[in-house]
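K.L.:
Supplied in structure tokens, the structure appears directly below.
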Amino acid sequence: MSLSETRPDDWAYLSEGGATIVFSYAGAPNPAFDGKVLRVRKRPINVDDAEEHAEDEDPSVVFHQCVIERIVPSEYLVRPEPLVPPPTEWLQDLAGAADVSRPAERRYKDTVDVKTPRLALATDLVGGEGVAVEIKPKWGFLPSPEYLSDETRPVKTRTCRFCMHTHMRAKDGEAVSEEYCPLDLYSGDKTRMRMALDALWQAWSRSHGTVNNLRVFVKGQKLQPDAVSPVSPSGVDILTQLQPQLIADVLNPNADPKNALISALSSALLQSRVLEELSSLQRRLDALDVEGLQAICDLSSPGPEPTISDWTAWLVEHAGERDPTTPRHHALSYLLSATFKDCSIIVRIPPPSSTSTATVTIIDLDVKSIDRLHKWAKLDRKIVEAYMEVPEAERRVCVDARRSTSLESV
Ligand SMILES: [Zn+2]
């Protein structure tokens with residue numbers, strides 16, 4: 001299996017995160033690549049070459065295999081398969097073609113890494129015959145009151161982190177999902193989940209797709225709310241204008257597409273345990289809250305970036321000790337919690353004619369830099385202080401349905 005069997009323009013730009021660009025295979029039928037995506041590492045445009053050191057293996061693939069696959073059930077994951085890099089010219093052509101589709105703010109910052117390329121192949125979760133929805137669910141728990149200060153405890157145990165952050169961002173004029181509370185989505189309660197999904201849809205539609213908590217794909221094609229007719233902002237036309245026959249094929253033709261999508265999504269999410277797993281991981285790994293972590297670690301000098309052997313040692317402690325005491329262990333736990341707070345899930349809904357069932361998969365599980373701990377502590381403080389200015393009666397009450405069960409199992 002060699003990428004050189006394909007042409008750079010066989011790979012269509014799909015999406016990108018902080019570290020990689022993802023392309024989906026759109027070339028002639030090829031059993032090695034059909035239904036696959038190619039993940040290609042990026043490099044900052046102004047990187048200092050002297051700081052670089054070439055690793056033998058792709059660090060994000062190694063982190064996935066050595067850490068993520070050890071703590072997340074395999075049925076919720078897509079396993080990346082590392083690929084031998086193609087010739088430099090091939091990658092340069094791929095980078096050039098991708099730039100046309102990439103958001104400008106990304107294009108100015110980074111590009112395909114052609115110097116020390118790292119590529120991996122994975123299952124294409126948004127292609128195929130059905131509907132695929134990417135959701136960034138964010139923080140799914142309220143912190144334990146134990147490690148919070150007297151000042152922040154009444155605020156942070158009542159309103160969830162996402163809702164407080166949303167309040168601050170809205171005040172700063174950003175497009176945000178103001179009605180969405182992650183604790184509704186994570187609740188396991190159908191009515192609350194539908195409310196959360198409705199809020200995500202509204203924000204997606206209202207923001208012309210710029211709110212990044214929701215993306216919708218039909219038969220691999222990303223839907224843009226901008227396609228909506230100005231006379232009918234209900235969302236119906238988003239779908240019907242773009243691919244009317246596809247919606248009739250894929251969802252219930254008798255229902256409003258938004259409602260049909262929310263019904264299918266909530267059923268798939270209720271049947272899967274992915275959200276429960278994610279919320280539980282976030283809560284267990286962030287057991288101290290950043291305030292408690294700050295009390296035992298100097299976050300302005302958190303030590304070197306963890307190596308794979310640091311993570312392996314962490315896993316041993318994580319599995320064997322209920323309450324490990326080294327500050328470094330807690331710092332790594334918090335770092336990993338941040339990965340799960342920022343990841344996305346992809347819900348694939350097959351057409352009714354298909355014999356396959358809906359699946360929910362967790363993606364974007366890259367490790368975060370340990371240097372960000374300090375920034376997160378400062379941001380946390382800023383968010384809470386901004387929220388303290390909201391009169392108490394107007395503060396949102398977020399209900400953490402999973403809190404008691406989780407505390408029992410700790
Ligand atoms: Zn909330």
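By convention here, the chains of the structure tokens are called A, B, ... in the order presented, each chain's residues are numbered starting at 1, and ligands are numbered starting at 1 in the order presented.
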Need the shell around Glu129 of chain A: protein/DNA/RNA residues with any atom at most 12 Å away, counting only C-alpha atoms. Skip same-chain ones fewer than 4 positions apart. Format as a ChimeraX atom specification?
P.N.:
/A:35,124-125,217-221,246-247,249-251,348-356
K.L.:
Fewer than 6 positions away in the same chain doesn't count, so skip those; otherwise give me all residues within 9 Å of Val37 of chain A, counting only C-alpha atoms, as a list in words.
P.N.:
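Listed by chain and then number, they are Trp11, Leu14, Val22, Phe23, Ser24, Tyr25, Ala120, Leu121, Ala122, Thr123, Asp124 and Leu125 of chain A.
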K.L.:
If you count only C-alpha atoms and all ligand atoms, which residues end up within 9 Å of ligand 1, as an NGL selection string?
P.N.:
:A and (139-142 or 158-164 or 179-184 or 396-400)
K.L.:
Output as a list in words all residues of segment 66-297 of chain A that backbone DSSP marks as strand (DSSP E or B).
P.N.:
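Everything in segment 66-297 of chain A that counts as strand (DSSP E or B) is Glu81, Pro82, Leu83, Asp110, Thr111, Val112, Leu119, Ala120, Leu121, Ala122, Thr123, Val131, Ala132, Val133, Glu134, Ile135, Leu214, Arg215, Val216, Phe217, Val218, Gln221 and Lys222 of chain A.
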K.L.:
Excluding segment 69-83 of chain A and its own-chain neighbours fewer than 5 positions away, which residues fall within 10 Å of it when counting only C-alpha atoms? Please give them as a count of residues only.
P.N.:
41
K.L.:
Rounded to one decimal in Å, what is the spacing between atom CA of Phe340 of chain A and atom CA of Asp110 of chain A?
P.N.:
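Answer for the atom CA of Phe340 of chain A to atom CA of Asp110 of chain A separation: 24.1 Å.
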K.L.:
Taking the backbone alone, and naming residues the way the document does, which bits of segment 11-105 of chain A are alpha helix (DSSP H) by DSSP, as a ChimeraX atom specification?
P.N.:
/A:59-63,69-71,88-101,104-105
K.L.:
Just the selected residues (N, CA and C atoms), exported as an mmCIF file, in the first residue's frame, please.
P.N.:
data_model
loop_
_atom_site.group_PDB
_atom_site.id
_atom_site.type_symbol
_atom_site.label_atom_id
_atom_site.label_comp_id
_atom_site.auth_asym_id
_atom_site.auth_seq_id
_atom_site.Cartn_x
_atom_site.Cartn_y
_atom_site.Cartn_z
ATOM 1 N N PRO A 59 4.641 11.053 16.544
ATOM 2 C CA PRO A 59 4.307 11.107 17.973
ATOM 3 C C PRO A 59 2.812 11.039 18.252
ATOM 4 N N SER A 60 1.996 11.569 17.328
ATOM 5 C CA SER A 60 0.558 11.523 17.626
ATOM 6 C C SER A 60 0.014 10.093 17.474
ATOM 7 N N VAL A 61 0.581 9.331 16.541
ATOM 8 C CA VAL A 61 0.178 7.915 16.389
ATOM 9 C C VAL A 61 0.646 7.121 17.609
ATOM 10 N N VAL A 62 1.871 7.395 18.058
ATOM 11 C CA VAL A 62 2.412 6.670 19.213
ATOM 12 C C VAL A 62 1.585 6.995 20.463
ATOM 13 N N PHE A 63 1.231 8.277 20.646
ATOM 14 C CA PHE A 63 0.417 8.673 21.800
ATOM 15 C C PHE A 63 -0.939 7.960 21.762
ATOM 16 N N GLU A 69 -5.476 4.339 23.480
ATOM 17 C CA GLU A 69 -6.052 2.997 23.306
ATOM 18 C C GLU A 69 -6.021 2.179 24.598
ATOM 19 N N ARG A 70 -5.250 2.636 25.578
ATOM 20 C CA ARG A 70 -5.207 1.929 26.861
ATOM 21 C C ARG A 70 -6.338 2.366 27.791
ATOM 22 N N ILE A 71 -6.897 3.537 27.562
ATOM 23 C CA ILE A 71 -7.924 4.002 28.507
ATOM 24 C C ILE A 71 -9.309 4.211 27.880
ATOM 25 N N THR A 88 8.566 14.103 -1.926
ATOM 26 C CA THR A 88 8.304 15.493 -1.532
ATOM 27 C C THR A 88 7.387 16.208 -2.524
ATOM 28 N N GLU A 89 7.618 15.974 -3.842
ATOM 29 C CA GLU A 89 6.808 16.687 -4.855
ATOM 30 C C GLU A 89 5.331 16.322 -4.691
ATOM 31 N N TRP A 90 5.066 15.062 -4.370
ATOM 32 C CA TRP A 90 3.680 14.602 -4.178
ATOM 33 C C TRP A 90 3.037 15.405 -3.059
ATOM 34 N N LEU A 91 3.772 15.553 -1.949
ATOM 35 C CA LEU A 91 3.244 16.280 -0.796
ATOM 36 C C LEU A 91 3.079 17.767 -1.096
ATOM 37 N N GLN A 92 4.033 18.308 -1.875
ATOM 38 C CA GLN A 92 3.914 19.734 -2.229
ATOM 39 C C GLN A 92 2.668 19.970 -3.073
ATOM 40 N N ASP A 93 2.392 19.031 -3.991
ATOM 41 C CA ASP A 93 1.174 19.165 -4.815
ATOM 42 C C ASP A 93 -0.081 19.072 -3.945
ATOM 43 N N LEU A 94 -0.042 18.155 -2.976
ATOM 44 C CA LEU A 94 -1.183 17.991 -2.066
ATOM 45 C C LEU A 94 -1.399 19.287 -1.273
ATOM 46 N N ALA A 95 -0.296 19.845 -0.774
ATOM 47 C CA ALA A 95 -0.375 21.081 0.025
ATOM 48 C C ALA A 95 -0.944 22.218 -0.827
ATOM 49 N N GLY A 96 -0.464 22.324 -2.072
ATOM 50 C CA GLY A 96 -0.927 23.389 -2.969
ATOM 51 C C GLY A 96 -2.408 23.267 -3.247
ATOM 52 N N ALA A 97 -2.866 22.034 -3.515
ATOM 53 C CA ALA A 97 -4.290 21.823 -3.815
ATOM 54 C C ALA A 97 -5.139 22.101 -2.576
ATOM 55 N N ALA A 98 -4.614 21.749 -1.412
ATOM 56 C CA ALA A 98 -5.393 21.920 -0.171
ATOM 57 C C ALA A 98 -5.594 23.390 0.152
ATOM 58 N N ASP A 99 -4.598 24.215 -0.169
ATOM 59 C CA ASP A 99 -4.662 25.630 0.203
ATOM 60 C C ASP A 99 -5.902 26.334 -0.348
ATOM 61 N N VAL A 100 -6.370 25.868 -1.493
ATOM 62 C CA VAL A 100 -7.564 26.474 -2.090
ATOM 63 C C VAL A 100 -8.764 26.317 -1.155
ATOM 64 N N SER A 101 -8.835 25.185 -0.458
ATOM 65 C CA SER A 101 -10.007 24.913 0.383
ATOM 66 C C SER A 101 -9.809 25.295 1.838
ATOM 67 N N ALA A 104 -8.548 30.841 5.533
ATOM 68 C CA ALA A 104 -7.412 31.763 5.410
ATOM 69 C C ALA A 104 -6.601 31.847 6.699
ATOM 70 N N GLU A 105 -7.311 31.854 7.851
ATOM 71 C CA GLU A 105 -6.583 32.032 9.122
ATOM 72 C C GLU A 105 -5.669 30.844 9.406
#
K.L.:
Would you work out the distance separating atom CA of Leu185 of chain A from atom CA of Leu197 of chain A, expressed in Å to one decimal?
P.N.:
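One can read the atom CA of Leu185 of chain A to atom CA of Leu197 of chain A distance as 7.2 Å.
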K.L.:
Need the shell around segment 327-329 of chain A: protein/DNA/RNA residues with any atom at most 7 Å away, counting only C-alpha atoms. Skip same-chain ones fewer than 3 positions apart. Format as a PyMOL selection string?
P.N.:
chain A and resi 296-297+314+324+332-333
K.L.:
To one decimal place, how far is atom CA of Val216 of chain A from atom CA of Val131 of chain A in Å?
P.N.:
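Computing the Euclidean distance for atom CA of Val216 of chain A and atom CA of Val131 of chain A yields 7.4 Å.
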K.L.:
For Ser344 of chain A, find every residue with an atom within 8 Å (counting only C-alpha atoms), except residues of its own chain fewer than 3 positions away, and show them as a ChimeraX atom specification.
P.N.:
/A:134-137,362-364
K.L.:
Generate a file of the selected residues that holds N, CA, C and O atoms, formatted as a PDB file, in the first residue's frame.
P.N.:
ATOM      1  N   GLU A 134     -20.687  15.659  13.187  1.00  0.00           N
ATOM      2  CA  GLU A 134     -19.550  15.843  14.083  1.00  0.00           C
ATOM      3  C   GLU A 134     -19.968  16.820  15.178  1.00  0.00           C
ATOM      4  O   GLU A 134     -20.422  17.924  14.894  1.00  0.00           O
ATOM      5  N   ILE A 135     -19.811  16.391  16.418  1.00  0.00           N
ATOM      6  CA  ILE A 135     -20.188  17.236  17.559  1.00  0.00           C
ATOM      7  C   ILE A 135     -18.972  17.403  18.451  1.00  0.00           C
ATOM      8  O   ILE A 135     -18.268  16.440  18.739  1.00  0.00           O
ATOM      9  N   LYS A 136     -18.733  18.639  18.874  1.00  0.00           N
ATOM     10  CA  LYS A 136     -17.693  18.897  19.878  1.00  0.00           C
ATOM     11  C   LYS A 136     -18.450  19.105  21.183  1.00  0.00           C
ATOM     12  O   LYS A 136     -18.958  20.202  21.443  1.00  0.00           O
ATOM     13  N   PRO A 137     -18.553  18.063  22.004  1.00  0.00           N
ATOM     14  CA  PRO A 137     -19.468  18.186  23.155  1.00  0.00           C
ATOM     15  C   PRO A 137     -18.928  19.028  24.309  1.00  0.00           C
ATOM     16  O   PRO A 137     -19.699  19.582  25.072  1.00  0.00           O
ATOM     17  N   ILE A 362     -15.052   8.517  18.822  1.00  0.00           N
ATOM     18  CA  ILE A 362     -14.362   9.699  19.367  1.00  0.00           C
ATOM     19  C   ILE A 362     -13.159  10.016  18.474  1.00  0.00           C
ATOM     20  O   ILE A 362     -12.381   9.117  18.144  1.00  0.00           O
ATOM     21  N   ILE A 363     -12.999  11.284  18.100  1.00  0.00           N
ATOM     22  CA  ILE A 363     -11.862  11.690  17.255  1.00  0.00           C
ATOM     23  C   ILE A 363     -11.151  12.909  17.864  1.00  0.00           C
ATOM     24  O   ILE A 363     -11.616  13.472  18.850  1.00  0.00           O
ATOM     25  N   ASP A 364     -10.061  13.300  17.217  1.00  0.00           N
ATOM     26  CA  ASP A 364      -9.263  14.462  17.673  1.00  0.00           C
ATOM     27  C   ASP A 364      -8.737  14.262  19.088  1.00  0.00           C
ATOM     28  O   ASP A 364      -8.996  15.065  19.991  1.00  0.00           O
TER      29      ASP A 364
END
